[in-house]
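What follows is the content of run-v4.cif (mmCIF, C-alpha atoms).
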data_data
#
loop_
_atom_site.label_atom_id
_atom_site.label_comp_id
_atom_site.auth_asym_id
_atom_site.auth_seq_id
_atom_site.Cartn_x
_atom_site.Cartn_y
_atom_site.Cartn_z
CA MET A 1350 105.13 127.92 117.31
CA PRO A 1351 108.75 128.78 116.53
CA VAL A 1352 109.92 127.77 113.06
CA HIS A 1353 111.79 124.66 114.23
CA GLU A 1354 108.70 123.35 115.98
CA LEU A 1355 106.53 124.11 112.95
CA LEU A 1356 108.82 122.13 110.68
CA THR A 1357 109.09 119.24 113.14
CA CYS A 1358 105.32 118.98 113.43
CA ILE A 1359 104.80 119.10 109.66
CA ASN A 1360 107.43 116.41 109.25
CA GLN A 1361 105.76 114.22 111.87
CA GLU A 1362 102.48 114.45 109.97
CA ASP A 1363 104.22 113.72 106.65
CA LYS A 1364 105.71 110.51 108.05
CA SER A 1365 102.22 109.03 108.29
CA VAL A 1366 101.58 109.32 104.55
CA PRO A 1367 103.59 106.34 103.19
CA ILE A 1368 102.08 104.17 105.92
CA ALA A 1369 98.60 105.17 104.75
CA VAL A 1370 99.60 104.35 101.17
CA GLU A 1371 101.00 100.98 102.22
CA ARG A 1372 97.60 100.01 103.63
CA VAL A 1373 95.94 100.33 100.22
CA ILE A 1374 98.52 98.60 98.01
CA PRO A 1375 95.93 95.91 97.11
CA GLN A 1376 93.62 98.67 95.81
CA ILE A 1377 96.47 100.24 93.84
CA GLU A 1378 97.38 96.83 92.40
CA THR A 1379 93.82 96.34 91.13
CA LEU A 1380 93.87 99.78 89.49
CA VAL A 1381 97.26 99.10 87.89
CA ASN A 1382 96.05 95.80 86.45
CA ALA A 1383 92.96 97.45 84.99
CA THR A 1384 95.07 100.25 83.51
CA VAL A 1385 97.62 97.89 81.96
CA GLU A 1386 94.85 95.83 80.38
CA ARG A 1387 93.38 98.86 78.63
CA LEU A 1388 96.67 100.39 77.53
CA ARG A 1389 97.74 97.07 76.04
CA GLN A 1390 94.60 97.17 73.93
CA GLY A 1391 95.38 100.64 72.63
CA GLY A 1392 93.41 102.55 75.25
CA ARG A 1393 94.48 105.60 77.18
CA LEU A 1394 94.70 106.67 80.82
CA PHE A 1395 92.91 109.89 81.73
CA TYR A 1396 93.14 111.84 84.98
CA ILE A 1397 90.44 114.31 85.97
CA GLY A 1398 90.67 116.59 88.99
CA ALA A 1399 90.40 120.12 90.33
CA GLY A 1400 92.95 122.34 92.04
CA THR A 1401 95.95 120.54 93.50
CA SER A 1402 94.54 117.15 92.52
CA GLY A 1403 94.13 118.22 88.90
CA ARG A 1404 97.64 119.67 88.80
CA LEU A 1405 99.12 116.44 90.16
CA GLY A 1406 97.37 114.46 87.42
CA ILE A 1407 98.74 116.79 84.76
CA LEU A 1408 102.22 116.53 86.27
CA ASP A 1409 102.14 112.74 86.21
CA ALA A 1410 100.77 112.61 82.66
CA SER A 1411 103.32 115.10 81.35
CA GLU A 1412 106.24 113.08 82.70
CA CYS A 1413 105.31 109.78 81.04
CA PRO A 1414 106.45 110.59 77.46
CA PRO A 1415 109.97 111.80 78.34
CA THR A 1416 110.48 109.08 80.95
CA TYR A 1417 109.10 106.11 79.06
CA GLY A 1418 109.05 107.22 75.42
CA VAL A 1419 105.29 106.74 75.09
CA PRO A 1420 103.09 109.00 72.92
CA HIS A 1421 101.86 112.20 74.52
CA GLY A 1422 98.28 111.05 74.12
CA MET A 1423 98.63 107.83 76.11
CA VAL A 1424 98.30 109.46 79.55
CA ILE A 1425 96.25 112.66 79.64
CA GLY A 1426 95.66 114.98 82.60
CA ILE A 1427 92.57 117.22 82.63
CA ILE A 1428 91.95 119.94 85.22
CA ALA A 1429 88.69 121.69 86.04
CA GLY A 1430 88.80 125.17 84.55
CA GLY A 1431 91.15 124.24 81.71
CA ASP A 1432 94.85 124.85 81.28
CA SER A 1433 94.70 128.31 82.87
CA ALA A 1434 93.77 126.58 86.15
CA ILE A 1435 97.20 124.95 86.23
CA ARG A 1436 98.71 128.25 87.38
CA LYS A 1437 95.74 130.17 88.74
CA ALA A 1438 92.62 128.92 90.49
CA VAL A 1439 89.45 129.22 88.40
CA GLU A 1440 86.53 130.10 90.65
CA PHE A 1441 83.75 127.51 90.92
CA ALA A 1442 85.21 125.34 88.12
CA GLU A 1443 85.18 122.30 90.38
CA ASP A 1444 81.45 122.69 91.07
CA ASP A 1445 80.28 121.89 87.51
CA THR A 1446 79.10 118.26 87.40
CA LYS A 1447 78.84 118.19 83.59
CA GLN A 1448 82.08 119.84 82.51
CA ALA A 1449 84.42 116.87 83.04
CA TRP A 1450 82.49 114.76 80.54
CA LYS A 1451 82.60 117.63 78.04
CA ASP A 1452 86.35 117.90 78.58
CA LEU A 1453 86.79 114.15 78.07
CA GLN A 1454 84.73 114.20 74.88
CA GLU A 1455 87.18 116.71 73.39
CA HIS A 1456 89.69 113.84 73.44
CA HIS A 1457 87.21 111.46 71.76
CA ILE A 1458 87.16 109.15 74.76
CA THR A 1459 85.98 105.56 74.18
CA ASN A 1460 85.32 102.46 76.24
CA LYS A 1461 88.88 101.30 75.51
CA ASP A 1462 90.10 104.01 77.89
CA ILE A 1463 90.19 104.29 81.69
CA VAL A 1464 89.49 107.47 83.68
CA VAL A 1465 90.94 108.05 87.16
CA GLY A 1466 89.37 110.79 89.24
CA ILE A 1467 91.68 112.51 91.72
CA ALA A 1468 90.01 114.29 94.64
CA ALA A 1469 91.40 114.64 98.14
CA SER A 1470 87.96 115.21 99.66
CA GLY A 1471 86.37 112.55 97.51
CA ALA A 1472 83.43 114.87 96.92
CA THR A 1473 84.50 117.22 94.10
CA PRO A 1474 81.43 117.62 91.84
CA TYR A 1475 83.56 117.94 88.69
CA VAL A 1476 85.10 114.53 89.40
CA VAL A 1477 81.92 112.83 90.61
CA GLY A 1478 80.02 113.96 87.52
CA GLY A 1479 82.82 112.91 85.20
CA LEU A 1480 83.08 109.40 86.63
CA GLU A 1481 79.30 108.98 86.63
CA ALA A 1482 79.16 109.91 82.94
CA CYS A 1483 81.98 107.49 82.15
CA ARG A 1484 80.21 104.62 83.88
CA ARG A 1485 77.03 105.33 81.91
CA GLN A 1486 79.10 105.03 78.73
CA GLY A 1487 80.75 101.78 79.82
CA ILE A 1488 84.15 103.40 80.39
CA ALA A 1489 86.27 101.99 83.23
CA THR A 1490 86.83 104.31 86.18
CA GLY A 1491 89.24 104.54 89.09
CA CYS A 1492 89.96 107.16 91.72
CA ILE A 1493 92.48 108.40 94.26
CA VAL A 1494 90.80 109.95 97.30
CA CYS A 1495 91.82 110.66 100.88
CA ASN A 1496 88.53 110.25 102.75
CA ALA A 1497 86.63 107.04 103.46
CA ASN A 1498 83.23 106.26 101.93
CA SER A 1499 83.30 109.21 99.56
CA PRO A 1500 80.98 110.00 96.62
CA VAL A 1501 83.91 109.74 94.20
CA ALA A 1502 84.88 106.26 95.43
CA ALA A 1503 81.24 105.18 95.19
CA VAL A 1504 81.19 105.80 91.42
CA ALA A 1505 84.66 104.35 90.70
CA ASP A 1506 85.16 100.77 89.53
CA TYR A 1507 88.67 100.69 91.00
CA PRO A 1508 88.80 103.05 94.00
CA VAL A 1509 91.99 103.84 95.89
CA GLU A 1510 91.20 105.38 99.28
CA VAL A 1511 94.29 106.64 101.11
CA ILE A 1512 93.05 107.90 104.47
CA THR A 1513 95.57 110.55 105.48
CA GLY A 1514 93.59 112.23 108.27
CA PRO A 1515 93.46 115.92 109.29
CA GLU A 1516 96.01 118.27 107.77
CA PHE A 1517 98.51 120.32 109.79
CA VAL A 1518 96.77 123.39 108.35
CA THR A 1519 93.11 122.40 108.43
CA GLY A 1520 91.72 121.74 104.98
CA SER A 1521 94.99 122.35 103.12
CA THR A 1522 94.88 119.21 101.03
CA ARG A 1523 98.03 120.16 99.14
CA MET A 1524 99.88 118.79 102.17
CA LYS A 1525 99.42 115.17 103.31
CA ALA A 1526 96.64 114.42 100.85
CA GLY A 1527 98.64 115.89 97.96
CA THR A 1528 101.70 113.89 98.98
CA ALA A 1529 99.64 110.69 99.16
CA GLN A 1530 98.15 111.32 95.72
CA LYS A 1531 101.59 111.94 94.24
CA LEU A 1532 102.91 108.69 95.73
CA VAL A 1533 99.99 106.71 94.33
CA LEU A 1534 100.33 108.34 90.91
CA ASN A 1535 104.04 107.46 90.92
CA MET A 1536 103.15 103.85 91.69
CA LEU A 1537 100.36 103.69 89.13
CA THR A 1538 102.27 104.89 86.09
CA THR A 1539 105.62 103.39 87.06
CA ALA A 1540 104.15 99.92 87.59
CA THR A 1541 102.05 100.27 84.44
CA MET A 1542 104.99 101.29 82.26
CA ILE A 1543 107.12 98.46 83.65
CA GLN A 1544 104.34 96.00 82.83
CA LEU A 1545 104.17 97.45 79.31
CA GLY A 1546 107.90 96.84 78.84
CA HIS A 1547 109.23 100.39 78.90
CA VAL A 1548 111.81 99.61 81.60
CA ARG A 1549 114.69 97.13 81.28
CA GLY A 1550 116.00 96.02 84.66
CA ASN A 1551 115.54 99.35 86.42
CA LYS A 1552 116.62 101.47 83.45
CA MET A 1553 114.44 103.84 81.39
CA VAL A 1554 115.47 102.39 78.05
CA ASP A 1555 112.74 104.22 76.13
CA MET A 1556 113.33 107.69 77.61
CA GLN A 1557 113.48 110.64 75.25
CA LEU A 1558 116.98 112.02 74.78
CA SER A 1559 115.77 115.59 75.22
CA ASN A 1560 118.77 117.16 76.96
CA THR A 1561 122.47 116.67 77.60
CA LYS A 1562 121.89 115.03 80.99
CA LEU A 1563 119.67 112.35 79.46
CA VAL A 1564 122.09 111.73 76.58
CA GLU A 1565 124.83 111.20 79.16
CA ARG A 1566 122.57 108.86 81.13
CA GLY A 1567 121.75 106.90 77.98
CA THR A 1568 125.42 106.64 77.12
CA ARG A 1569 126.20 105.24 80.58
CA MET A 1570 123.39 102.71 80.19
CA LEU A 1571 124.95 101.44 76.98
CA MET A 1572 128.42 101.35 78.54
CA ASP A 1573 127.09 99.22 81.40
CA GLU A 1574 124.81 96.99 79.35
CA LEU A 1575 127.12 96.34 76.40
CA GLN A 1576 130.52 96.79 78.07
CA LEU A 1577 131.51 99.54 75.64
CA ALA A 1578 133.87 102.46 76.02
CA LYS A 1579 132.22 105.86 76.23
CA PRO A 1580 133.02 107.00 72.65
CA GLU A 1581 131.56 103.80 71.20
CA ALA A 1582 128.47 104.01 73.40
CA ALA A 1583 127.91 107.66 72.51
CA ALA A 1584 128.24 106.94 68.80
CA LEU A 1585 125.81 104.04 69.05
CA LEU A 1586 123.25 106.14 70.91
CA LYS A 1587 123.56 108.97 68.42
CA LYS A 1588 123.02 106.63 65.50
CA TYR A 1589 119.99 104.76 66.81
CA GLY A 1590 118.34 107.49 68.87
CA SER A 1591 117.28 105.47 71.91
CA VAL A 1592 118.84 103.15 74.43
CA ARG A 1593 116.54 100.27 73.51
CA ALA A 1594 117.13 100.64 69.75
CA ALA A 1595 120.88 100.87 70.29
CA ILE A 1596 121.00 97.72 72.43
CA GLU A 1597 118.88 95.74 69.99
CA ALA A 1598 120.85 96.91 66.96
CA TYR A 1599 124.21 96.18 68.56
CA ARG A 1600 123.17 92.70 69.62
CA ASN A 1601 121.85 92.05 66.13
CA GLY A 1602 125.21 92.93 64.63
CA GLY A 1603 124.61 96.64 64.04
CA GLU A 1604 127.58 98.80 63.08
CA LEU A 1605 128.62 102.05 64.72
CA SER A 1606 129.37 103.80 61.44
#

What would you get if you wrote out this structure as structure tokens?
Amino acid sequence: MPVHELLTCINQEDKSVPIAVERVIPQIETLVNATVERLRQGGRLFYIGAGTSGRLGILDASECPPTYGVPHGMVIGIIAGGDSAIRKAVEFAEDDTKQAWKDLQEHHITNKDIVVGIAASGATPYVVGGLEACRRQGIATGCIVCNANSPVAAVADYPVEVITGPEFVTGSTRMKAGTAQKLVLNMLTTATMIQLGHVRGNKMVDMQLSNTKLVERGTRMLMDELQLAKPEAAALLKKYGSVRAAIEAYRNGGELS
């Protein structure tokens, strides 16, 4: 195919992904509710996966602290083969049925936590073994898979099965399946963090002020919320260190100086 036709065909396939996600919103809702319940009780959300699926879990977990101001240990992504597998595939790492449980134990996992297995095929041994071990220990399990009636879904308490169908490049699950997993992960943690109170309106009031762009965004939030001029808003944000703290202090009679 010429390049234009290649791109058009890939795009046509990609358009089917949000429709597939829409079909399983009730499953995602059940997983969100289970996750919120455990995090409210001091539990944690773990992702386990291999290859692209593992990397997507790590990506989602790593973005929760700066976006929502939660501790780094609240959402944890684990990939088969360890951190080196984030950048370079580790041969046969996904085939070890016992390693995921060993990896989870390094984080002192308990039955307060919830573990979500991510596997496009729904058959990754690393993920199946990990979820099986969790269930034996009374730990809640969920999954995000892209095939129906999969081994991973069979051992998950809260399965999410987004059936994306054949890939444009056969077997390349970084494409439609990866996109579907990313969309579901976005929904899972965004809805969870909203339920936990880390968003006000549609603003990330607990975000970490880790760069100039985010300081500017926080300043604009205060300007809009409190009807302040920019210098006042900037001074307030600098003093209290977060949008939420600044709003609460100002409304409780806090001073800028």

With distances taken over only C-alpha atoms, which residue among A:Leu1537, A:Met1556, A:Ala1595, A:Leu1586 lies nearest A:Thr1379?
A:Leu1537

In terms of only C-alpha atoms, the residue from A:Asp1432, A:Ile1425, A:Pro1474, A:Arg1393 at minimal distance from A:Lys1447 is A:Pro1474

Scan for residues within 12 Å of the point (92.1, 108.2, 98.8) in the coordinates of the file, using only C-alpha atoms, and reply as an NGL selection string.
:A and (1366 or 1369-1374 or 1376-1377 or 1402 or 1465-1472 or 1491-1503 or 1505 or 1507-1514 or 1522 or 1525-1534)

Tell me which residues the PyMOL selection byres ((chain A and resi 1464) around 8) grabs here, as a PDB file with C-alpha atoms, in the coordinates of the input.
ATOM      1  CA  LEU A1394      94.700 106.670  80.820  1.00  0.00           C
ATOM      2  CA  PHE A1395      92.910 109.890  81.730  1.00  0.00           C
ATOM      3  CA  TYR A1396      93.140 111.840  84.980  1.00  0.00           C
ATOM      4  CA  ILE A1397      90.440 114.310  85.970  1.00  0.00           C
ATOM      5  CA  ASP A1462      90.100 104.010  77.890  1.00  0.00           C
ATOM      6  CA  ILE A1463      90.190 104.290  81.690  1.00  0.00           C
ATOM      7  CA  VAL A1465      90.940 108.050  87.160  1.00  0.00           C
ATOM      8  CA  GLY A1466      89.370 110.790  89.240  1.00  0.00           C
ATOM      9  CA  LEU A1480      83.080 109.400  86.630  1.00  0.00           C
ATOM     10  CA  CYS A1483      81.980 107.490  82.150  1.00  0.00           C
ATOM     11  CA  ILE A1488      84.150 103.400  80.390  1.00  0.00           C
ATOM     12  CA  ALA A1489      86.270 101.990  83.230  1.00  0.00           C
ATOM     13  CA  THR A1490      86.830 104.310  86.180  1.00  0.00           C
ATOM     14  CA  GLY A1491      89.240 104.540  89.090  1.00  0.00           C
TER      15      GLY A1491
END

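Picture a line from atom CA of A:Gly1418 to atom CA of A:Ala1399; it runs 27.1 Å.
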
Point-to-point distance in Å for atom CA of A:Thr1539 and atom CA of A:Asp1409:
10.0 Å

Please, what distance in Å, to one decimal, runs between atom CA of A:Pro1515 and atom CA of A:Ala1438?
22.9 Å

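Within the file as shown, the PyMOL selection byres ((chain A and resi 1353-1362) around 9) identifies Met1350, Pro1351, Val1352, Asp1363, Lys1364, Ser1365, Val1366, Glu1516, Phe1517, Met1524 and Lys1525 of chain A.
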
Please write as JSON, numbers by chain the full residue list that the PyMOL selection byres ((chain A and resi 1593) around 12) yields on this file.
{"A": [1417, 1418, 1546, 1547, 1548, 1549, 1550, 1552, 1553, 1554, 1555, 1556, 1557, 1558, 1567, 1568, 1570, 1571, 1574, 1575, 1585, 1586, 1589, 1590, 1591, 1592, 1594, 1595, 1596, 1597, 1598, 1599, 1600]}

Pick out the residues sitting within 9 Å of stretch 1441-1443 of chain A, and hand them over as a PyMOL selection string; count only C-alpha atoms, and ignore anything fewer than 4 positions along from it in its own chain.
chain A and resi 1398-1400+1428-1431+1434+1448+1473-1476

Centre and size of axis-aligned box enclosing stretch 1417-1435 of chain A plus 3 Å each side, as lines of an AutoDock Vina configuration file:
center_x = 98.9
center_y = 117.2
center_z = 79.6
size_x = 26.4
size_y = 28.2
size_z = 19.3

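When only C-alpha atoms are used to compute distances to A:Ala1482, the closest of the residues A:Lys1451, A:Lys1587, A:Arg1523, A:His1457 turns out to be A:Lys1451.
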
Near A:Thr1541, within 10 Å and counting only C-alpha atoms, which residues show up once chain neighbours fewer than 4 positions away are dropped, as a PDB file with C-alpha atoms, keeping the file's coordinate frame?
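Result saved to selection-v8.pdb:
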ATOM      1  CA  GLU A1378      97.380  96.830  92.400  1.00  0.00           C
ATOM      2  CA  LEU A1380      93.870  99.780  89.490  1.00  0.00           C
ATOM      3  CA  VAL A1381      97.260  99.100  87.890  1.00  0.00           C
ATOM      4  CA  ASN A1382      96.050  95.800  86.450  1.00  0.00           C
ATOM      5  CA  ALA A1383      92.960  97.450  84.990  1.00  0.00           C
ATOM      6  CA  THR A1384      95.070 100.250  83.510  1.00  0.00           C
ATOM      7  CA  VAL A1385      97.620  97.890  81.960  1.00  0.00           C
ATOM      8  CA  GLU A1386      94.850  95.830  80.380  1.00  0.00           C
ATOM      9  CA  LEU A1388      96.670 100.390  77.530  1.00  0.00           C
ATOM     10  CA  ARG A1389      97.740  97.070  76.040  1.00  0.00           C
ATOM     11  CA  ASN A1535     104.040 107.460  90.920  1.00  0.00           C
ATOM     12  CA  MET A1536     103.150 103.850  91.690  1.00  0.00           C
ATOM     13  CA  LEU A1537     100.360 103.690  89.130  1.00  0.00           C
ATOM     14  CA  LEU A1545     104.170  97.450  79.310  1.00  0.00           C
ATOM     15  CA  GLY A1546     107.900  96.840  78.840  1.00  0.00           C
ATOM     16  CA  HIS A1547     109.230 100.390  78.900  1.00  0.00           C
TER      17      HIS A1547
END

Nearest residue to A:Ala1584 out of A:Glu1565, A:Ala1449, A:Met1542, A:Gly1478, using all atoms listed in the file?
A:Glu1565
